[in-house]
>>> print(open('target-v9.cif').read())   # mmCIF, C-alpha atoms
data_start
loop_
_atom_site.group_PDB
_atom_site.id
_atom_site.type_symbol
_atom_site.label_atom_id
_atom_site.label_comp_id
_atom_site.auth_asym_id
_atom_site.auth_seq_id
_atom_site.Cartn_x
_atom_site.Cartn_y
_atom_site.Cartn_z
ATOM 1 C CA HIS A 12 -13.467 13.694 -20.715
ATOM 2 C CA VAL A 13 -11.943 16.658 -18.903
ATOM 3 C CA ALA A 14 -13.232 19.122 -21.501
ATOM 4 C CA ARG A 15 -16.718 17.594 -21.393
ATOM 5 C CA ALA A 16 -16.813 17.784 -17.587
ATOM 6 C CA ASP A 17 -15.580 21.376 -17.732
ATOM 7 C CA ARG A 18 -18.435 22.269 -20.081
ATOM 8 C CA SER A 19 -20.908 20.631 -17.676
ATOM 9 C CA VAL A 20 -19.611 22.706 -14.773
ATOM 10 C CA ALA A 21 -19.853 25.845 -16.910
ATOM 11 C CA ARG A 22 -23.485 24.993 -17.801
ATOM 12 C CA ALA A 23 -24.296 24.518 -14.115
ATOM 13 C CA GLU A 24 -22.745 27.907 -13.346
ATOM 14 C CA GLN A 25 -24.821 29.547 -16.091
ATOM 15 C CA SER A 26 -27.922 27.823 -14.790
ATOM 16 C CA ALA A 27 -27.283 29.208 -11.323
ATOM 17 C CA LEU A 28 -27.176 32.780 -12.597
ATOM 18 C CA LEU A 29 -30.953 33.087 -12.972
ATOM 19 C CA ASN A 30 -32.131 30.402 -10.580
ATOM 20 C CA PRO A 31 -32.948 31.728 -7.115
ATOM 21 C CA ARG A 32 -32.981 28.157 -5.784
ATOM 22 C CA SER A 33 -29.468 27.348 -6.924
ATOM 23 C CA GLY A 34 -28.158 26.551 -3.454
ATOM 24 C CA GLU A 35 -26.834 23.137 -4.481
ATOM 25 C CA VAL A 36 -24.849 24.644 -7.328
ATOM 26 C CA ARG A 37 -23.472 27.354 -5.053
ATOM 27 C CA GLU A 38 -22.323 24.695 -2.596
ATOM 28 C CA ALA A 39 -20.932 22.262 -5.175
ATOM 29 C CA GLN A 40 -19.369 24.730 -7.615
ATOM 30 C CA PRO A 41 -16.179 25.463 -5.645
ATOM 31 C CA ARG A 42 -15.504 21.734 -5.197
ATOM 32 C CA LEU A 43 -16.241 20.999 -8.837
ATOM 33 C CA ARG A 44 -14.171 23.847 -10.244
ATOM 34 C CA THR A 45 -11.199 23.130 -7.964
ATOM 35 C CA ALA A 46 -11.340 19.418 -8.774
ATOM 36 C CA MET A 47 -11.652 20.107 -12.511
ATOM 37 C CA THR A 48 -8.592 22.318 -12.469
ATOM 38 C CA GLY A 49 -6.626 19.722 -10.505
ATOM 39 C CA ILE A 50 -7.714 16.841 -12.732
ATOM 40 C CA GLU A 51 -6.842 18.786 -15.870
ATOM 41 C CA LEU A 52 -3.378 19.619 -14.547
ATOM 42 C CA CYS A 53 -2.851 15.990 -13.452
ATOM 43 C CA TYR A 54 -3.770 14.868 -16.958
ATOM 44 C CA ILE A 55 -1.087 17.136 -18.392
ATOM 45 C CA VAL A 56 1.512 15.930 -15.887
ATOM 46 C CA VAL A 57 0.678 12.262 -16.516
ATOM 47 C CA ARG A 58 1.320 12.882 -20.215
ATOM 48 C CA ALA A 59 4.686 14.429 -19.323
ATOM 49 C CA LEU A 60 5.473 11.476 -17.055
ATOM 50 C CA CYS A 61 4.710 9.051 -19.872
ATOM 51 C CA ARG A 62 6.950 11.056 -22.158
ATOM 52 C CA GLU A 63 9.802 10.761 -19.646
ATOM 53 C CA VAL A 64 9.420 6.980 -19.580
ATOM 54 C CA PHE A 65 9.282 6.912 -23.374
ATOM 55 C CA ASP A 66 12.369 9.094 -23.740
ATOM 56 C CA ARG A 67 14.370 6.872 -21.414
ATOM 57 C CA THR A 68 13.497 3.694 -23.285
ATOM 58 C CA TYR A 69 13.264 4.898 -26.885
ATOM 59 C CA TYR A 70 16.690 6.434 -27.253
ATOM 60 C CA LEU A 71 18.603 3.483 -25.848
ATOM 61 C CA PRO A 72 20.140 0.924 -28.189
ATOM 62 C CA PRO A 73 17.763 -2.006 -28.799
ATOM 63 C CA ASP A 74 19.919 -4.408 -26.803
ATOM 64 C CA LYS A 75 19.890 -2.073 -23.747
ATOM 65 C CA ASP A 76 16.241 -0.912 -23.669
ATOM 66 C CA VAL A 77 15.331 -3.591 -21.099
ATOM 67 C CA GLU A 78 17.965 -2.116 -18.780
ATOM 68 C CA ALA A 79 16.344 1.341 -18.769
ATOM 69 C CA TYR A 80 14.109 0.337 -15.878
ATOM 70 C CA GLY A 81 14.857 -2.850 -14.007
ATOM 71 C CA PRO A 82 12.116 -5.157 -12.720
ATOM 72 C CA GLN A 83 12.084 -3.515 -9.283
ATOM 73 C CA ALA A 84 11.927 -0.008 -10.765
ATOM 74 C CA ARG A 85 9.075 -1.047 -13.083
ATOM 75 C CA ALA A 86 7.171 -2.512 -10.138
ATOM 76 C CA ALA A 87 7.789 0.640 -8.102
ATOM 77 C CA LEU A 88 6.625 2.833 -10.978
ATOM 78 C CA ALA A 89 3.491 0.693 -11.292
ATOM 79 C CA ASP A 90 2.873 1.176 -7.558
ATOM 80 C CA VAL A 91 3.253 4.936 -7.980
ATOM 81 C CA LEU A 92 0.772 4.968 -10.860
ATOM 82 C CA ASN A 93 -1.717 2.758 -8.991
ATOM 83 C CA CYS A 94 -1.522 5.011 -5.964
ATOM 84 C CA THR A 95 -2.002 8.046 -8.209
ATOM 85 C CA ALA A 96 -5.118 6.470 -9.699
ATOM 86 C CA GLU A 97 -6.481 5.755 -6.230
ATOM 87 C CA ALA A 98 -5.930 9.364 -5.189
ATOM 88 C CA MET A 99 -7.583 10.623 -8.385
ATOM 89 C CA CYS A 100 -10.658 8.496 -7.668
ATOM 90 C CA GLY A 101 -10.773 10.192 -4.289
ATOM 91 C CA VAL A 102 -10.679 13.596 -6.009
ATOM 92 C CA ALA A 103 -13.755 12.554 -7.968
ATOM 93 C CA ASP A 104 -15.489 11.548 -4.724
ATOM 94 C CA VAL A 105 -14.721 14.945 -3.201
ATOM 95 C CA ALA A 106 -15.885 16.784 -6.304
ATOM 96 C CA THR A 107 -19.187 14.971 -6.669
ATOM 97 C CA GLY A 108 -19.975 15.057 -2.968
ATOM 98 C CA THR A 109 -21.867 11.776 -3.204
ATOM 99 C CA GLY A 110 -20.609 10.814 0.241
ATOM 100 C CA PRO A 111 -19.171 12.683 3.194
ATOM 101 C CA VAL A 112 -16.691 15.124 1.643
ATOM 102 C CA ASP A 113 -14.432 15.232 4.712
ATOM 103 C CA THR A 114 -14.100 11.441 4.657
ATOM 104 C CA ALA A 115 -13.226 11.533 0.948
ATOM 105 C CA ARG A 116 -10.646 14.278 1.594
ATOM 106 C CA THR A 117 -9.066 12.201 4.356
ATOM 107 C CA ARG A 118 -8.880 9.224 2.000
ATOM 108 C CA VAL A 119 -7.179 11.391 -0.640
ATOM 109 C CA HIS A 120 -4.688 12.747 1.896
ATOM 110 C CA ASP A 121 -3.883 9.170 2.957
ATOM 111 C CA ALA A 122 -3.395 8.187 -0.686
ATOM 112 C CA VAL A 123 -1.140 11.206 -1.232
ATOM 113 C CA ALA A 124 0.954 10.222 1.799
ATOM 114 C CA SER A 125 1.231 6.702 0.381
ATOM 115 C CA LEU A 126 2.136 8.174 -3.004
ATOM 116 C CA HIS A 127 4.954 10.130 -1.356
ATOM 117 C CA GLU A 128 6.332 6.933 0.234
ATOM 118 C CA ARG A 129 6.137 5.047 -3.049
ATOM 119 C CA ARG A 130 7.775 7.942 -4.872
ATOM 120 C CA ASN A 131 10.680 7.818 -2.422
ATOM 121 C CA ARG A 132 11.041 4.068 -3.010
ATOM 122 C CA LEU A 133 11.087 4.683 -6.764
ATOM 123 C CA ALA A 134 13.662 7.454 -6.305
ATOM 124 C CA HIS A 135 15.923 5.065 -4.412
ATOM 125 C CA LEU A 136 15.657 2.498 -7.210
ATOM 126 C CA LEU A 137 16.355 5.088 -9.910
ATOM 127 C CA LEU A 138 19.393 6.519 -8.188
ATOM 128 C CA VAL A 139 22.238 6.856 -10.671
ATOM 129 C CA ASP A 140 25.541 8.703 -10.644
ATOM 130 C CA PRO A 141 25.302 11.659 -13.051
ATOM 131 C CA ASN A 142 28.958 11.191 -13.951
ATOM 132 C CA VAL A 143 28.262 7.649 -15.132
ATOM 133 C CA ASP A 144 24.990 8.243 -17.014
ATOM 134 C CA ALA A 145 23.994 11.899 -17.244
ATOM 135 C CA ALA A 146 20.990 11.166 -19.484
ATOM 136 C CA ALA A 147 19.527 8.655 -17.013
ATOM 137 C CA TRP A 148 20.105 11.044 -14.142
ATOM 138 C CA GLN A 149 18.251 13.822 -15.981
ATOM 139 C CA GLN A 150 15.404 11.619 -17.187
ATOM 140 C CA HIS A 151 14.905 9.970 -13.808
ATOM 141 C CA GLY A 152 14.881 13.388 -12.184
ATOM 142 C CA ALA A 153 12.230 14.601 -14.613
ATOM 143 C CA LEU A 154 10.146 11.482 -13.939
ATOM 144 C CA LEU A 155 10.330 12.034 -10.184
ATOM 145 C CA ALA A 156 9.532 15.734 -10.610
ATOM 146 C CA ALA A 157 6.403 14.751 -12.553
ATOM 147 C CA VAL A 158 5.326 12.452 -9.709
ATOM 148 C CA ASP A 159 5.888 15.290 -7.238
ATOM 149 C CA ARG A 160 3.824 17.642 -9.415
ATOM 150 C CA ILE A 161 0.954 15.145 -9.574
ATOM 151 C CA ARG A 162 1.006 14.893 -5.794
ATOM 152 C CA VAL A 163 0.806 18.678 -5.453
ATOM 153 C CA GLU A 164 -2.050 18.935 -7.957
ATOM 154 C CA ILE A 165 -4.039 16.199 -6.228
ATOM 155 C CA GLU A 166 -3.639 17.934 -2.875
ATOM 156 C CA ALA A 167 -4.782 21.209 -4.431
ATOM 157 C CA ALA A 168 -7.760 19.538 -6.105
ATOM 158 C CA VAL A 169 -9.316 18.551 -2.774
ATOM 159 C CA ARG A 170 -8.532 21.733 -0.871
ATOM 160 C CA PRO A 171 -11.690 23.252 0.632
ATOM 161 C CA ALA A 172 -12.866 26.462 -0.958
ATOM 162 C CA SER A 173 -11.952 29.613 0.910
ATOM 163 C CA GLU A 174 -15.346 31.186 0.231
ATOM 164 C CA PRO A 175 -18.685 30.116 -1.236
ATOM 165 C CA TRP A 176 -19.355 30.640 -4.906
ATOM 166 C CA HIS A 177 -21.545 33.502 -6.015
ATOM 167 C CA PRO A 178 -22.604 34.053 -9.612
ATOM 168 C CA PRO A 179 -20.930 37.063 -11.214
ATOM 169 C CA LEU A 180 -23.080 40.175 -11.473
#
>>> encode(input="target-v9.cif", output="structure tokens")
Amino acid sequence: HVARADRSVARAEQSALLNPRSGEVREAQPRLRTAMTGIELCYIVVRALCREVFDRTYYLPPDKDVEAYGPQARAALADVLNCTAEAMCGVADVATGTGPVDTARTRVHDAVASLHERRNRLAHLLLVDPNVDAAAWQQHGALLAAVDRIRVEIEAAVRPASEPWHPPL
């Protein structure tokens, strides 16, 4: 989906090159391109996050795989992922500009703040002594780093453009 959307943005940019009435494209292009970059990077980080969860559960003995993430940690991780999805929907609202963009940006910033709180709750639940279980400590740290990276990419995806887009000469 990301690649298809990227091709659509590229076609719109090409269309604007020769169209003197391409004001809408010039206004929307910075939002679309910034959002596309952010969404693509979030997609990559979500894959890495899933890999961290997989690594933590797959390499444990079968009788201990349930202990990798306790019920509270699983619920907290689900909250983090739900909040991430909510923020990503907000990125789409900013990119498409179907409603007031500033309102959509505010909603995304609120979701990112909530994501930060939920991430901290998850971090508290995943706290482990590295001397007791070094692998868990490393894998939990990588999981939390992925959540932090998603948060940064979402914030960047809704950042207003510094200047309007102009087709290249």
>>> resolve_selection(input="target-v9.cif", expression="the PyMOL selection byres ((chain A and resi 50) around 10)", output="count of residues only")
21
>>> closest_residue(input="target-v9.cif", among="A:Ala16, A:Leu133, A:Val105, A:Leu60", to="Ala156 (chain A)", atoms="all atoms listed in the file")
A:Leu60
>>> atom_distance(input="target-v9.cif", atom1="CA of Arg170 (chain A)", atom2="CA of Val64 (chain A)")
29.8 Å
>>> resolve_selection(input="target-v9.cif", expression="the PyMOL selection byres ((chain A and resi 150) around 8)", output="VMD selection string")
chain A and resid 63 to 64 66 to 67 146 to 149 151 to 154
>>> write_last_selection(input="target-v9.cif", atoms="C-alpha atoms", output="short mmCIF file (atom, residue, chain, number, x, y, z; two decimals), in the coordinates of the input")
data_model
loop_
_atom_site.label_atom_id
_atom_site.label_comp_id
_atom_site.auth_asym_id
_atom_site.auth_seq_id
_atom_site.Cartn_x
_atom_site.Cartn_y
_atom_site.Cartn_z
CA GLU A 63 9.80 10.76 -19.65
CA VAL A 64 9.42 6.98 -19.58
CA ASP A 66 12.37 9.09 -23.74
CA ARG A 67 14.37 6.87 -21.41
CA ALA A 146 20.99 11.17 -19.48
CA ALA A 147 19.53 8.65 -17.01
CA TRP A 148 20.10 11.04 -14.14
CA GLN A 149 18.25 13.82 -15.98
CA HIS A 151 14.90 9.97 -13.81
CA GLY A 152 14.88 13.39 -12.18
CA ALA A 153 12.23 14.60 -14.61
CA LEU A 154 10.15 11.48 -13.94
#
>>> atom_distance(input="target-v9.cif", atom1="CA of Thr114 (chain A)", atom2="CA of Ala172 (chain A)")
16.1 Å
>>> closest_residue(input="target-v9.cif", among="A:Ser26, A:Ala79, A:Pro73, A:Val169", to="Ala115 (chain A)", atoms="only C-alpha atoms")
A:Val169
>>> atom_distance(input="target-v9.cif", atom1="CA of Ala145 (chain A)", atom2="CA of Thr68 (chain A)")
14.6 Å
>>> closest_residue(input="target-v9.cif", among="A:Thr95, A:Asp90, A:Ala59, A:Leu137", to="Glu78 (chain A)", atoms="all atoms listed in the file")
A:Leu137
>>> closest_residue(input="target-v9.cif", among="A:Leu126, A:Arg42, A:Gln83, A:Leu88", to="Val112 (chain A)", atoms="all atoms listed in the file")
A:Arg42
>>> closest_residue(input="target-v9.cif", among="A:Ala86, A:Leu43, A:Ala21, A:Cys61", to="Leu136 (chain A)", atoms="only C-alpha atoms")
A:Ala86
>>> axis_aligned_box(input="target-v9.cif", around="region 38-50 of chain A", padding_each_side="5 Å", output="JSON")
{"center_x": -14.5, "center_y": 21.2, "center_z": -7.7, "size_x": 25.7, "size_y": 18.6, "size_z": 20.1}
>>> closest_residue(input="target-v9.cif", among="A:Pro41, A:Gly108, A:Gly101, A:Pro82", to="Ala122 (chain A)", atoms="all atoms listed in the file")
A:Gly101
>>> resolve_selection(input="target-v9.cif", expression="the PyMOL selection byres ((chain A and resi 94) around 10)", output="PyMOL selection string")
chain A and resi 88-93+95-100+122-127+129-130
